[in-house]
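Visitor: Below you'll find upload35.csv; it's CSV, C-alpha atoms.
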chain,number,residue,atom,x,y,z
A,3,VAL,CA,47.0,3.7,-11.7
A,4,GLY,CA,45.1,5.1,-8.7
A,5,ARG,CA,41.8,6.9,-9.1
A,6,VAL,CA,40.9,10.4,-7.8
A,7,ILE,CA,37.8,10.0,-5.6
A,8,ALA,CA,35.8,12.6,-3.7
A,9,ASP,CA,33.6,11.6,-0.8
A,10,GLN,CA,30.8,13.7,0.7
A,11,SER,CA,27.9,13.4,2.9
A,12,VAL,CA,25.0,15.6,1.6
A,13,SER,CA,21.6,16.6,2.9
A,14,LEU,CA,18.5,15.9,0.9
A,15,ASP,CA,18.4,19.5,0.0
A,16,GLY,CA,21.9,19.4,-1.4
A,17,PHE,CA,24.0,20.9,1.4
A,18,SER,CA,27.4,19.5,2.4
A,19,ALA,CA,27.5,21.8,5.5
A,20,GLY,CA,24.9,23.8,7.4
A,21,PRO,CA,24.8,27.6,7.8
A,22,ASN,CA,27.3,29.6,9.8
A,23,VAL,CA,30.4,27.5,9.2
A,24,ARG,CA,33.3,28.9,11.3
A,25,ILE,CA,36.1,27.6,13.5
A,26,GLY,CA,34.4,25.6,16.2
A,27,ASN,CA,31.4,25.0,14.0
A,28,GLY,CA,33.1,23.4,11.0
A,29,MET,CA,30.1,21.5,9.7
A,30,GLY,CA,27.7,24.5,10.2
A,31,ASP,CA,24.5,24.5,12.1
A,32,GLY,CA,23.0,21.1,12.0
A,33,GLY,CA,25.7,19.8,9.7
A,34,GLU,CA,27.1,17.2,12.1
A,35,GLU,CA,23.9,15.3,11.5
A,36,LEU,CA,25.3,14.5,8.0
A,37,HIS,CA,28.0,12.3,9.7
A,38,ASP,CA,25.7,10.5,12.1
A,39,TRP,CA,25.5,7.4,9.8
A,40,MET,CA,29.3,6.9,10.2
A,41,TRP,CA,28.9,6.1,13.9
A,42,SER,CA,26.0,3.7,13.4
A,43,GLU,CA,26.3,0.1,12.3
A,44,ALA,CA,22.9,0.4,10.6
A,45,GLY,CA,24.1,3.5,8.7
A,46,ARG,CA,27.2,1.6,7.5
A,47,THR,CA,25.4,-1.5,6.4
A,48,GLY,CA,22.9,-1.9,3.5
A,49,ARG,CA,19.6,-3.4,4.2
A,50,ASP,CA,20.8,-6.4,2.2
A,51,GLY,CA,23.9,-6.7,4.5
A,52,THR,CA,26.3,-5.0,2.1
A,53,ALA,CA,29.1,-3.2,3.9
A,54,VAL,CA,29.3,0.5,2.9
A,55,GLU,CA,32.7,1.9,1.9
A,56,GLY,CA,32.7,5.2,3.7
A,57,PRO,CA,35.5,7.8,4.0
A,58,GLN,CA,37.4,5.7,6.6
A,59,GLU,CA,37.4,2.6,4.3
A,60,LEU,CA,38.3,4.7,1.4
A,61,LEU,CA,41.2,6.3,3.3
A,62,ALA,CA,42.4,2.9,4.5
A,63,GLY,CA,43.0,1.9,0.9
A,64,ALA,CA,44.2,5.2,-0.4
A,65,GLY,CA,47.7,6.7,-0.7
A,66,ALA,CA,47.1,10.5,-0.3
A,67,VAL,CA,44.5,13.0,0.6
A,68,VAL,CA,43.7,16.5,-0.8
A,69,VAL,CA,41.7,19.2,1.0
A,70,GLY,CA,41.1,22.9,0.6
A,71,ARG,CA,42.7,25.5,2.8
A,72,ARG,CA,39.5,26.5,4.4
A,73,MET,CA,38.7,22.9,5.2
A,74,PHE,CA,42.2,22.5,6.8
A,75,ASP,CA,41.7,25.7,8.9
A,76,LEU,CA,38.4,24.5,10.1
A,77,GLY,CA,39.5,20.9,10.6
A,78,GLU,CA,43.0,20.9,12.0
A,79,GLU,CA,41.8,21.1,15.6
A,80,PRO,CA,38.8,18.8,15.5
A,81,TRP,CA,40.8,16.2,13.5
A,82,GLY,CA,43.3,16.1,16.3
A,83,ASP,CA,46.6,14.4,16.5
A,84,PRO,CA,47.0,11.8,15.0
A,85,PRO,CA,44.4,12.9,12.4
A,86,PRO,CA,41.9,10.2,11.2
A,87,PHE,CA,43.5,9.9,7.7
A,88,HIS,CA,45.1,6.4,8.2
A,89,ASN,CA,48.5,8.0,8.1
A,90,ASN,CA,48.1,9.3,4.6
A,91,PRO,CA,49.9,12.5,3.6
A,92,VAL,CA,47.5,15.4,3.2
A,93,PHE,CA,48.0,18.0,0.5
A,94,VAL,CA,46.3,21.3,1.1
A,95,VAL,CA,45.6,23.6,-1.9
A,96,THR,CA,46.1,27.2,-0.8
A,97,HIS,CA,47.1,30.6,-1.9
A,98,ARG,CA,48.8,31.3,1.5
A,99,PRO,CA,52.2,29.6,1.9
A,100,LYS,CA,52.7,27.7,5.2
A,101,ALA,CA,55.4,25.3,6.4
A,102,PRO,CA,54.5,21.6,6.5
A,103,VAL,CA,52.7,20.5,9.7
A,104,VAL,CA,53.8,17.0,10.9
A,105,LYS,CA,51.3,15.1,13.1
A,106,GLN,CA,51.7,11.9,15.0
A,107,GLY,CA,51.4,8.6,13.2
A,108,GLY,CA,52.9,9.9,10.0
A,109,THR,CA,50.4,12.4,8.6
A,110,THR,CA,52.0,15.5,7.2
A,111,TYR,CA,50.0,18.5,6.0
A,112,THR,CA,51.8,19.9,3.0
A,113,PHE,CA,50.7,23.3,1.6
A,114,VAL,CA,50.8,23.6,-2.2
A,115,THR,CA,50.5,27.1,-3.6
A,116,ASP,CA,50.7,26.6,-7.3
A,117,GLY,CA,47.1,25.5,-7.9
A,118,LEU,CA,44.8,22.5,-7.8
A,119,ASP,CA,46.5,20.5,-10.6
A,120,ALA,CA,49.9,20.8,-9.0
A,121,THR,CA,48.3,19.7,-5.7
A,122,LEU,CA,46.7,16.7,-7.3
A,123,ALA,CA,50.0,15.9,-9.0
A,124,ARG,CA,51.8,16.0,-5.7
A,125,ALA,CA,49.2,13.8,-4.2
A,126,ARG,CA,49.3,11.3,-7.0
A,127,GLU,CA,53.1,11.1,-6.8
A,128,ALA,CA,52.8,10.4,-3.0
A,129,ALA,CA,50.1,7.9,-3.5
A,130,GLY,CA,52.3,5.8,-5.7
A,131,GLY,CA,49.5,4.1,-7.7
A,132,ARG,CA,47.0,4.0,-4.9
A,133,ASP,CA,43.9,6.3,-4.8
A,134,VAL,CA,43.9,10.0,-4.0
A,135,VAL,CA,40.9,11.0,-1.8
A,136,VAL,CA,39.5,14.5,-2.1
A,137,LEU,CA,37.8,15.3,1.1
A,138,GLY,CA,36.6,18.8,0.3
A,139,GLY,CA,35.5,21.4,0.8
A,140,ALA,CA,32.7,21.9,-1.7
A,141,ASP,CA,34.8,24.5,-3.7
A,142,VAL,CA,37.6,22.1,-4.3
A,143,ILE,CA,35.2,19.3,-5.3
A,144,GLN,CA,33.5,21.7,-7.7
A,145,GLN,CA,36.9,22.6,-9.3
A,146,CYS,CA,37.7,18.9,-9.5
A,147,LEU,CA,34.4,18.2,-11.2
A,148,GLN,CA,34.6,21.1,-13.6
A,149,GLY,CA,38.1,20.3,-14.7
A,150,GLY,CA,37.4,16.6,-15.3
A,151,ARG,CA,39.8,15.8,-12.5
A,152,LEU,CA,37.6,13.3,-10.6
A,153,ASP,CA,37.2,9.6,-11.4
A,154,GLU,CA,34.5,8.9,-8.8
A,155,LEU,CA,32.2,10.8,-6.5
A,156,HIS,CA,30.8,9.1,-3.5
A,157,ILE,CA,27.7,10.7,-2.1
A,158,HIS,CA,26.1,9.8,1.2
A,159,LEU,CA,22.6,11.3,0.9
A,160,VAL,CA,21.3,11.9,4.3
A,161,HIS,CA,17.5,12.5,4.3
A,162,VAL,CA,17.4,15.6,6.5
A,163,LEU,CA,16.9,19.2,5.4
A,164,LEU,CA,19.5,21.8,6.4
A,165,GLY,CA,17.7,24.7,4.8
A,166,GLY,CA,20.9,26.6,4.0
A,167,GLY,CA,24.7,26.4,4.1
A,168,THR,CA,27.2,25.1,1.6
A,169,ARG,CA,25.7,23.7,-1.6
A,170,LEU,CA,27.9,20.9,-2.6
A,171,PHE,CA,27.6,21.6,-6.3
A,172,GLY,CA,27.4,25.4,-6.2
A,173,ASP,CA,26.6,26.7,-9.6
A,174,LEU,CA,27.9,23.9,-11.7
A,175,ASP,CA,25.6,23.0,-14.5
A,176,ALA,CA,25.0,19.9,-16.7
A,177,ALA,CA,28.0,20.8,-18.9
A,178,SER,CA,30.4,20.7,-15.9
A,179,ALA,CA,30.1,17.0,-15.2
A,180,THR,CA,28.4,13.8,-16.5
A,181,PHE,CA,27.6,11.2,-13.9
A,182,GLU,CA,27.2,7.4,-14.3
A,183,ARG,CA,25.8,5.7,-11.2
A,184,LYS,CA,27.8,2.7,-10.2
A,185,ARG,CA,26.2,1.6,-7.0
A,186,VAL,CA,23.3,2.4,-4.6
A,187,ILE,CA,23.2,1.1,-1.0
A,188,ASP,CA,20.3,1.9,1.2
A,189,ALA,CA,21.2,2.0,4.9
A,190,GLU,CA,19.4,3.5,7.9
A,191,GLY,CA,19.0,7.2,7.5
A,192,VAL,CA,21.2,7.4,4.4
A,193,THR,CA,21.4,6.4,0.8
A,194,HIS,CA,24.9,5.7,-0.4
A,195,LEU,CA,25.4,6.6,-4.0
A,196,ARG,CA,28.6,6.0,-6.0
A,197,PHE,CA,29.1,7.8,-9.3
A,198,ARG,CA,31.7,7.5,-12.0
A,199,LEU,CA,32.5,10.7,-13.8
A,200,VAL,CA,32.3,10.3,-17.6
A,201,LYS,CA,35.2,12.0,-19.3
B,8,VAL,CA,-8.3,6.5,4.1
B,9,GLY,CA,-6.2,7.7,1.2
B,10,ARG,CA,-2.8,9.2,1.6
B,11,VAL,CA,-1.5,12.5,0.4
B,12,ILE,CA,1.5,11.9,-1.8
B,13,ALA,CA,3.8,14.3,-3.6
B,14,ASP,CA,5.9,13.2,-6.5
B,15,GLN,CA,8.9,15.1,-7.9
B,16,SER,CA,11.8,14.5,-10.2
B,17,VAL,CA,14.9,16.4,-8.8
B,18,SER,CA,18.4,17.0,-10.1
B,19,LEU,CA,21.4,15.8,-8.1
B,20,ASP,CA,21.9,19.5,-7.1
B,21,GLY,CA,18.3,19.7,-5.7
B,22,PHE,CA,16.4,21.5,-8.4
B,23,SER,CA,12.9,20.5,-9.5
B,24,ALA,CA,13.1,22.9,-12.5
B,25,GLY,CA,15.9,24.7,-14.3
B,26,PRO,CA,16.4,28.4,-14.6
B,27,ASN,CA,14.1,30.7,-16.6
B,28,VAL,CA,10.8,29.0,-16.0
B,29,ARG,CA,8.1,30.7,-18.1
B,30,ILE,CA,5.2,29.8,-20.3
B,31,GLY,CA,6.6,27.7,-23.1
B,32,ASN,CA,9.6,26.7,-20.9
B,33,GLY,CA,7.7,25.2,-18.0
B,34,MET,CA,10.5,23.0,-16.7
B,35,GLY,CA,13.1,25.8,-17.1
B,36,ASP,CA,16.4,25.5,-19.0
B,37,GLY,CA,17.5,21.9,-19.1
B,38,GLY,CA,14.7,20.9,-16.8
B,39,GLU,CA,13.0,18.5,-19.2
B,40,GLU,CA,15.9,16.2,-18.7
B,41,LEU,CA,14.5,15.5,-15.2
B,42,HIS,CA,11.6,13.6,-17.0
B,43,ASP,CA,13.6,11.6,-19.5
B,44,TRP,CA,13.5,8.6,-17.3
B,45,MET,CA,9.7,8.4,-17.7
B,46,TRP,CA,10.0,7.7,-21.4
B,47,SER,CA,12.6,5.0,-21.0
B,48,GLU,CA,11.9,1.4,-20.0
B,49,ALA,CA,15.3,1.3,-18.3
B,50,GLY,CA,14.4,4.4,-16.3
B,51,ARG,CA,11.2,2.9,-15.1
B,52,THR,CA,12.6,-0.5,-14.1
B,53,GLY,CA,15.0,-1.2,-11.3
B,54,ARG,CA,18.3,-3.1,-12.0
B,55,ASP,CA,16.7,-6.0,-10.1
B,56,GLY,CA,13.6,-5.9,-12.4
B,57,THR,CA,11.3,-4.0,-9.9
B,58,ALA,CA,8.8,-1.8,-11.7
B,59,VAL,CA,8.9,1.8,-10.6
B,60,GLU,CA,5.8,3.6,-9.6
B,61,GLY,CA,6.1,6.9,-11.3
B,62,PRO,CA,3.6,9.7,-11.4
B,63,GLN,CA,1.5,7.9,-14.1
B,64,GLU,CA,1.1,4.8,-12.0
B,65,LEU,CA,0.4,7.0,-8.9
B,66,LEU,CA,-2.2,8.9,-10.8
B,67,ALA,CA,-3.8,5.7,-12.1
B,68,GLY,CA,-4.5,4.6,-8.6
B,69,ALA,CA,-5.4,8.0,-7.2
B,70,GLY,CA,-8.6,9.9,-6.8
B,71,ALA,CA,-7.7,13.5,-7.1
B,72,VAL,CA,-4.8,15.8,-7.9
B,73,VAL,CA,-3.6,19.1,-6.3
B,74,VAL,CA,-1.4,21.7,-8.1
B,75,GLY,CA,-0.4,25.3,-7.5
B,76,ARG,CA,-1.7,28.1,-9.7
B,77,ARG,CA,1.7,28.8,-11.3
B,78,MET,CA,2.1,25.1,-12.2
B,79,PHE,CA,-1.4,25.2,-13.8
B,80,ASP,CA,-0.6,28.4,-15.7
B,81,LEU,CA,2.6,26.9,-17.0
B,82,GLY,CA,1.1,23.4,-17.6
B,83,GLU,CA,-2.3,23.9,-19.0
B,84,GLU,CA,-1.2,24.1,-22.6
B,85,PRO,CA,1.5,21.4,-22.6
B,86,TRP,CA,-0.7,19.0,-20.7
B,87,GLY,CA,-3.2,19.2,-23.5
B,88,ASP,CA,-6.7,17.9,-23.8
B,89,PRO,CA,-7.3,15.4,-22.3
B,90,PRO,CA,-4.6,16.0,-19.7
B,91,PRO,CA,-2.5,13.1,-18.6
B,92,PHE,CA,-4.1,12.8,-15.1
B,93,HIS,CA,-6.0,9.6,-15.7
B,94,ASN,CA,-9.3,11.6,-15.6
B,95,ASN,CA,-8.7,12.6,-12.0
B,96,PRO,CA,-10.2,16.0,-10.9
B,97,VAL,CA,-7.5,18.6,-10.4
B,98,PHE,CA,-7.7,21.2,-7.6
B,99,VAL,CA,-5.7,24.3,-8.1
B,100,VAL,CA,-4.7,26.3,-5.1
B,101,THR,CA,-4.8,30.0,-6.0
B,102,HIS,CA,-5.4,33.5,-4.8
B,103,ARG,CA,-7.1,34.5,-8.1
B,104,PRO,CA,-10.6,33.1,-8.6
B,105,LYS,CA,-11.3,31.4,-12.0
B,106,ALA,CA,-14.3,29.4,-13.3
B,107,PRO,CA,-13.7,25.6,-13.5
B,108,VAL,CA,-12.1,24.4,-16.7
B,109,VAL,CA,-13.5,21.1,-18.1
B,110,LYS,CA,-11.3,19.0,-20.3
B,111,GLN,CA,-12.0,15.9,-22.4
B,112,GLY,CA,-12.0,12.6,-20.6
B,113,GLY,CA,-13.4,14.0,-17.4
B,114,THR,CA,-10.6,16.1,-15.9
B,115,THR,CA,-11.9,19.3,-14.4
B,116,TYR,CA,-9.6,22.0,-13.1
B,117,THR,CA,-11.3,23.6,-10.0
B,118,PHE,CA,-9.8,26.7,-8.6
B,119,VAL,CA,-9.8,27.0,-4.8
B,120,THR,CA,-9.2,30.4,-3.2
B,121,ASP,CA,-9.5,29.7,0.5
B,122,GLY,CA,-6.1,28.2,1.0
B,123,LEU,CA,-4.1,25.0,0.8
B,124,ASP,CA,-6.0,23.1,3.6
B,125,ALA,CA,-9.3,23.9,1.9
B,126,THR,CA,-7.9,22.7,-1.4
B,127,LEU,CA,-6.6,19.4,0.1
B,128,ALA,CA,-10.0,19.0,1.8
B,129,ARG,CA,-11.8,19.4,-1.5
B,130,ALA,CA,-9.4,16.9,-3.1
B,131,ARG,CA,-9.8,14.3,-0.3
B,132,GLU,CA,-13.5,14.6,-0.6
B,133,ALA,CA,-13.4,14.1,-4.4
B,134,ALA,CA,-10.9,11.2,-4.0
B,135,GLY,CA,-13.4,9.2,-1.8
B,136,GLY,CA,-10.8,7.3,0.1
B,137,ARG,CA,-8.2,7.0,-2.7
B,138,ASP,CA,-4.9,8.9,-2.7
B,139,VAL,CA,-4.5,12.6,-3.4
B,140,VAL,CA,-1.4,13.3,-5.5
B,141,VAL,CA,0.3,16.7,-5.1
B,142,LEU,CA,2.2,17.3,-8.3
B,143,GLY,CA,3.7,20.7,-7.4
B,144,GLY,CA,5.1,23.2,-7.8
B,145,ALA,CA,7.9,23.3,-5.3
B,146,ASP,CA,6.1,26.1,-3.3
B,147,VAL,CA,3.0,23.9,-2.7
B,148,ILE,CA,5.1,20.9,-1.8
B,149,GLN,CA,7.1,23.0,0.7
B,150,GLN,CA,3.8,24.2,2.3
B,151,CYS,CA,2.6,20.6,2.4
B,152,LEU,CA,5.8,19.5,4.1
B,153,GLN,CA,5.9,22.3,6.6
B,154,GLY,CA,2.3,21.9,7.7
B,155,GLY,CA,2.6,18.1,8.1
B,156,ARG,CA,0.2,17.7,5.3
B,157,LEU,CA,2.0,15.0,3.3
B,158,ASP,CA,2.1,11.3,4.0
B,159,GLU,CA,4.7,10.4,1.4
B,160,LEU,CA,7.2,12.1,-0.8
B,161,HIS,CA,8.4,10.3,-3.9
B,162,ILE,CA,11.7,11.6,-5.3
B,163,HIS,CA,13.1,10.6,-8.6
B,164,LEU,CA,16.8,11.7,-8.2
B,165,VAL,CA,18.2,12.3,-11.7
B,166,HIS,CA,22.0,12.5,-11.6
B,167,VAL,CA,22.4,15.6,-13.7
B,168,LEU,CA,23.3,19.1,-12.5
B,169,LEU,CA,21.0,22.0,-13.4
B,170,GLY,CA,23.1,24.7,-11.7
B,171,GLY,CA,20.1,26.9,-10.9
B,172,GLY,CA,16.4,27.1,-11.0
B,173,THR,CA,13.7,26.0,-8.5
B,174,ARG,CA,15.1,24.3,-5.3
B,175,LEU,CA,12.5,21.7,-4.4
B,176,PHE,CA,12.9,22.2,-0.7
B,177,GLY,CA,13.5,26.0,-0.7
B,178,ASP,CA,14.5,27.2,2.7
B,179,LEU,CA,12.8,24.4,4.7
B,180,ASP,CA,15.0,23.2,7.5
B,181,ALA,CA,15.3,20.0,9.7
B,182,ALA,CA,12.4,21.1,11.9
B,183,SER,CA,10.1,21.4,8.9
B,184,ALA,CA,10.0,17.7,8.1
B,185,THR,CA,11.3,14.3,9.2
B,186,PHE,CA,11.8,11.7,6.6
B,187,GLU,CA,11.8,7.9,6.8
B,188,ARG,CA,13.0,6.2,3.7
B,189,LYS,CA,10.7,3.4,2.5
B,190,ARG,CA,12.2,2.2,-0.7
B,191,VAL,CA,15.1,2.8,-3.1
B,192,ILE,CA,15.1,1.6,-6.7
B,193,ASP,CA,18.1,2.2,-8.9
B,194,ALA,CA,17.2,2.5,-12.5
B,195,GLU,CA,19.1,3.9,-15.5
B,196,GLY,CA,19.9,7.5,-15.0
B,197,VAL,CA,17.8,7.9,-11.9
B,198,THR,CA,17.5,6.7,-8.3
B,199,HIS,CA,13.9,6.4,-7.2
B,200,LEU,CA,13.5,7.2,-3.5
B,201,ARG,CA,10.3,6.9,-1.5
B,202,PHE,CA,9.9,8.6,1.8
B,203,ARG,CA,7.3,8.5,4.5
B,204,LEU,CA,6.8,11.8,6.4
B,205,VAL,CA,7.0,11.2,10.2
B,206,LYS,CA,4.3,13.2,11.9
Spell out the structure here as structure tokens.

Guide:
Amino acid sequence: VGRVIADQSVSLDGFSAGPNVRIGNGMGDGGEELHDWMWSEAGRTGRDGTAVEGPQELLAGAGAVVVGRRMFDLGEEPWGDPPPFHNNPVFVVTHRPKAPVVKQGGTTYTFVTDGLDATLARAREAAGGRDVVVLGGADVIQQCLQGGRLDELHIHLVHVLLGGGTRLFGDLDAASATFERKRVIDAEGVTHLRFRLVK
Amino acid sequence: VGRVIADQSVSLDGFSAGPNVRIGNGMGDGGEELHDWMWSEAGRTGRDGTAVEGPQELLAGAGAVVVGRRMFDLGEEPWGDPPPFHNNPVFVVTHRPKAPVVKQGGTTYTFVTDGLDATLARAREAAGGRDVVVLGGADVIQQCLQGGRLDELHIHLVHVLLGGGTRLFGDLDAASATFERKRVIDAEGVTHLRFRLVK
């Protein structure tokens, strides 16, 4: 059975996006720096030579993607056509109905209006035993953590300060989630941490 | 010449103390969990057998300690007599004058009212070439980071969520500090990260 895995790049002060997120500034002020490691060989390779499994590698092995509606609204244009999801179907959890959006290469954005669990169920079904990747935003990941819906959380801890923006964990407290660290890889500018959620 | 080093245990969501910090609850609600690793052999040893240099090891090699006034007010009683500072003199940065407090074993709390730089200068002088350890609180560490006053920051990242409390980095942004990671040690329940501040 596939796992449900969330993957996020986070600043040392706990933000997954900088201040002033809006269309055209989807990662917020300074937030793009959280993704710099993905474009650098040294960011994607541990000091001991271990290759890092980032979101692209995760998506390559996955069967479906889940995102929040705000993330879709911010991302649709920058993600482009075809979007960088390795042709996986993307399920968007939303309160506002919208017809499916079909992109080149096979990616279809499907809008699910009956809640997060229904969205995850659709994604699992489409994934056919492969992993479901939850790409965000923070609010969706918080709901996943709180409801015990995640199997793993992959954090790419980038040692910069953003000083404000979207706090990945919001107001979740110790009772919301119990983490067990599975792996640490130190690469240039980033510490890759993989956690298993204890259920 | 000795370095100025700050050492802090921090939750995965970026808090160095939980909510409701007050006398008798110095680490805030749930905050004591940030220090659990110090009392466990598995928390102080990396998976590869590397010994972790925690605050006690740091203090054993240091020549002086700096803390904020609030941290002193919260800490004096729980720290006890003698306090666990390896007999180092402790300089307390404060706006309110107070006569020195002498404890058993040689630790003296000296209250410095002419600012953080004067406090650090007093500590450096007392340290005589050994390291100065800044133990907190978060406000003092933020001032140290912002003013380029730190050589190293040691973070013990404990993978629990506190959901509120004191954010170690407050509102500091990318311009406040540039970090270079020196070492990562993964131990049970905690990831030990050591950063050098780029000046």

Visitor: Give me, as a list of chain:residue names, all polymer residues having an atom no more than 7 Å from Gly25 in chain B, counting only C-alpha atoms and skipping those fewer than 3 positions away in the same chain.

Guide: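 My reading of the contact set: B:Phe22, B:Val28, B:Met34, B:Gly35, B:Asp36, B:Gly37, B:Gly38, B:Leu169, B:Gly171, B:Gly172, B:Thr173.
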
Visitor: If the cut-off is 6 Å, can you tell me the residues of chain B near chain A, counting only C-alpha atoms? I'd like them as an NGL selection string.

Guide: :B and (20-21 or 167-170 or 178-181)

Visitor: Which residues come within 12 Å of Asp138 in chain B, counting only C-alpha atoms, excluding same-chain residues fewer than 2 positions away, as a count of residues only?

Guide: 30

Visitor: Write out as a PDB file with C-alpha atoms, in the coordinates of the input each polymer residue whose atoms come within 12 Å of Lys105 in chain A, counting only C-alpha atoms; drop sequence neighbours fewer than 6 positions from it.

Guide:
ATOM      1  CA  GLU A  78      43.000  20.900  12.000  1.00  0.00           C
ATOM      2  CA  GLU A  79      41.800  21.100  15.600  1.00  0.00           C
ATOM      3  CA  TRP A  81      40.800  16.200  13.500  1.00  0.00           C
ATOM      4  CA  GLY A  82      43.300  16.100  16.300  1.00  0.00           C
ATOM      5  CA  ASP A  83      46.600  14.400  16.500  1.00  0.00           C
ATOM      6  CA  PRO A  84      47.000  11.800  15.000  1.00  0.00           C
ATOM      7  CA  PRO A  85      44.400  12.900  12.400  1.00  0.00           C
ATOM      8  CA  PRO A  86      41.900  10.200  11.200  1.00  0.00           C
ATOM      9  CA  PHE A  87      43.500   9.900   7.700  1.00  0.00           C
ATOM     10  CA  HIS A  88      45.100   6.400   8.200  1.00  0.00           C
ATOM     11  CA  ASN A  89      48.500   8.000   8.100  1.00  0.00           C
ATOM     12  CA  ASN A  90      48.100   9.300   4.600  1.00  0.00           C
ATOM     13  CA  PRO A  91      49.900  12.500   3.600  1.00  0.00           C
ATOM     14  CA  VAL A  92      47.500  15.400   3.200  1.00  0.00           C
ATOM     15  CA  TYR A 111      50.000  18.500   6.000  1.00  0.00           C
ATOM     16  CA  THR A 112      51.800  19.900   3.000  1.00  0.00           C
TER      17      THR A 112
END

Visitor: Work out how far CA of Gln15 in chain B is from CA of His161 in chain B, in Å to one decimal.

Guide: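 Atom-to-atom, CA of His161 in chain B to CA of Gln15 in chain B, that is 6.3 Å.
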
Visitor: What is the CA of Met78 in chain B to CA of Val205 in chain B distance in Å?

Guide: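 One can read the CA of Met78 in chain B to CA of Val205 in chain B distance as 26.8 Å.
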
Visitor: As an exercise, work out the distance from CA of His163 in chain B to CA of Leu41 in chain B in Å and give it to one decimal place.

Guide: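 One can read the CA of His163 in chain B to CA of Leu41 in chain B distance as 8.3 Å.
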
Visitor: Is there a way to complete range 111-115 of chain A with all heavy atoms and then write that out as a compact mmCIF listing (two decimals), in the frame of the given file?

Guide:
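Generated file (part_15.txt):
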# COMPACT_ATOMS: atom_id res chain seq x y z
N TYR A 111 50.73 17.53 6.82
CA TYR A 111 50.00 18.50 6.00
C TYR A 111 50.98 19.28 5.18
O TYR A 111 51.83 19.97 5.75
CB TYR A 111 49.16 19.43 6.86
CG TYR A 111 48.05 18.77 7.67
CD1 TYR A 111 48.18 18.62 9.05
CD2 TYR A 111 46.89 18.35 7.06
CE1 TYR A 111 47.16 18.04 9.80
CE2 TYR A 111 45.86 17.76 7.80
CZ TYR A 111 46.00 17.61 9.17
OH TYR A 111 45.00 17.04 9.91
N THR A 112 50.89 19.19 3.87
CA THR A 112 51.80 19.90 3.00
C THR A 112 50.98 20.96 2.21
O THR A 112 49.95 20.61 1.62
CB THR A 112 52.49 18.96 1.99
OG1 THR A 112 53.19 17.97 2.73
CG2 THR A 112 53.44 19.71 1.08
N PHE A 113 51.42 22.20 2.22
CA PHE A 113 50.70 23.30 1.60
C PHE A 113 51.21 23.58 0.23
O PHE A 113 52.40 23.85 0.07
CB PHE A 113 50.72 24.52 2.53
CG PHE A 113 50.10 24.19 3.87
CD1 PHE A 113 50.84 23.53 4.86
CD2 PHE A 113 48.77 24.47 4.12
CE1 PHE A 113 50.26 23.18 6.07
CE2 PHE A 113 48.18 24.11 5.32
CZ PHE A 113 48.93 23.46 6.30
N VAL A 114 50.34 23.48 -0.76
CA VAL A 114 50.80 23.60 -2.20
C VAL A 114 50.14 24.90 -2.71
O VAL A 114 48.92 25.07 -2.69
CB VAL A 114 50.33 22.40 -3.00
CG1 VAL A 114 50.88 22.51 -4.41
CG2 VAL A 114 50.78 21.10 -2.33
N THR A 115 50.99 25.81 -3.18
CA THR A 115 50.50 27.10 -3.60
C THR A 115 50.41 27.35 -5.08
O THR A 115 50.04 28.42 -5.53
CB THR A 115 51.41 28.25 -2.98
OG1 THR A 115 52.75 27.97 -3.37
CG2 THR A 115 51.30 28.30 -1.47
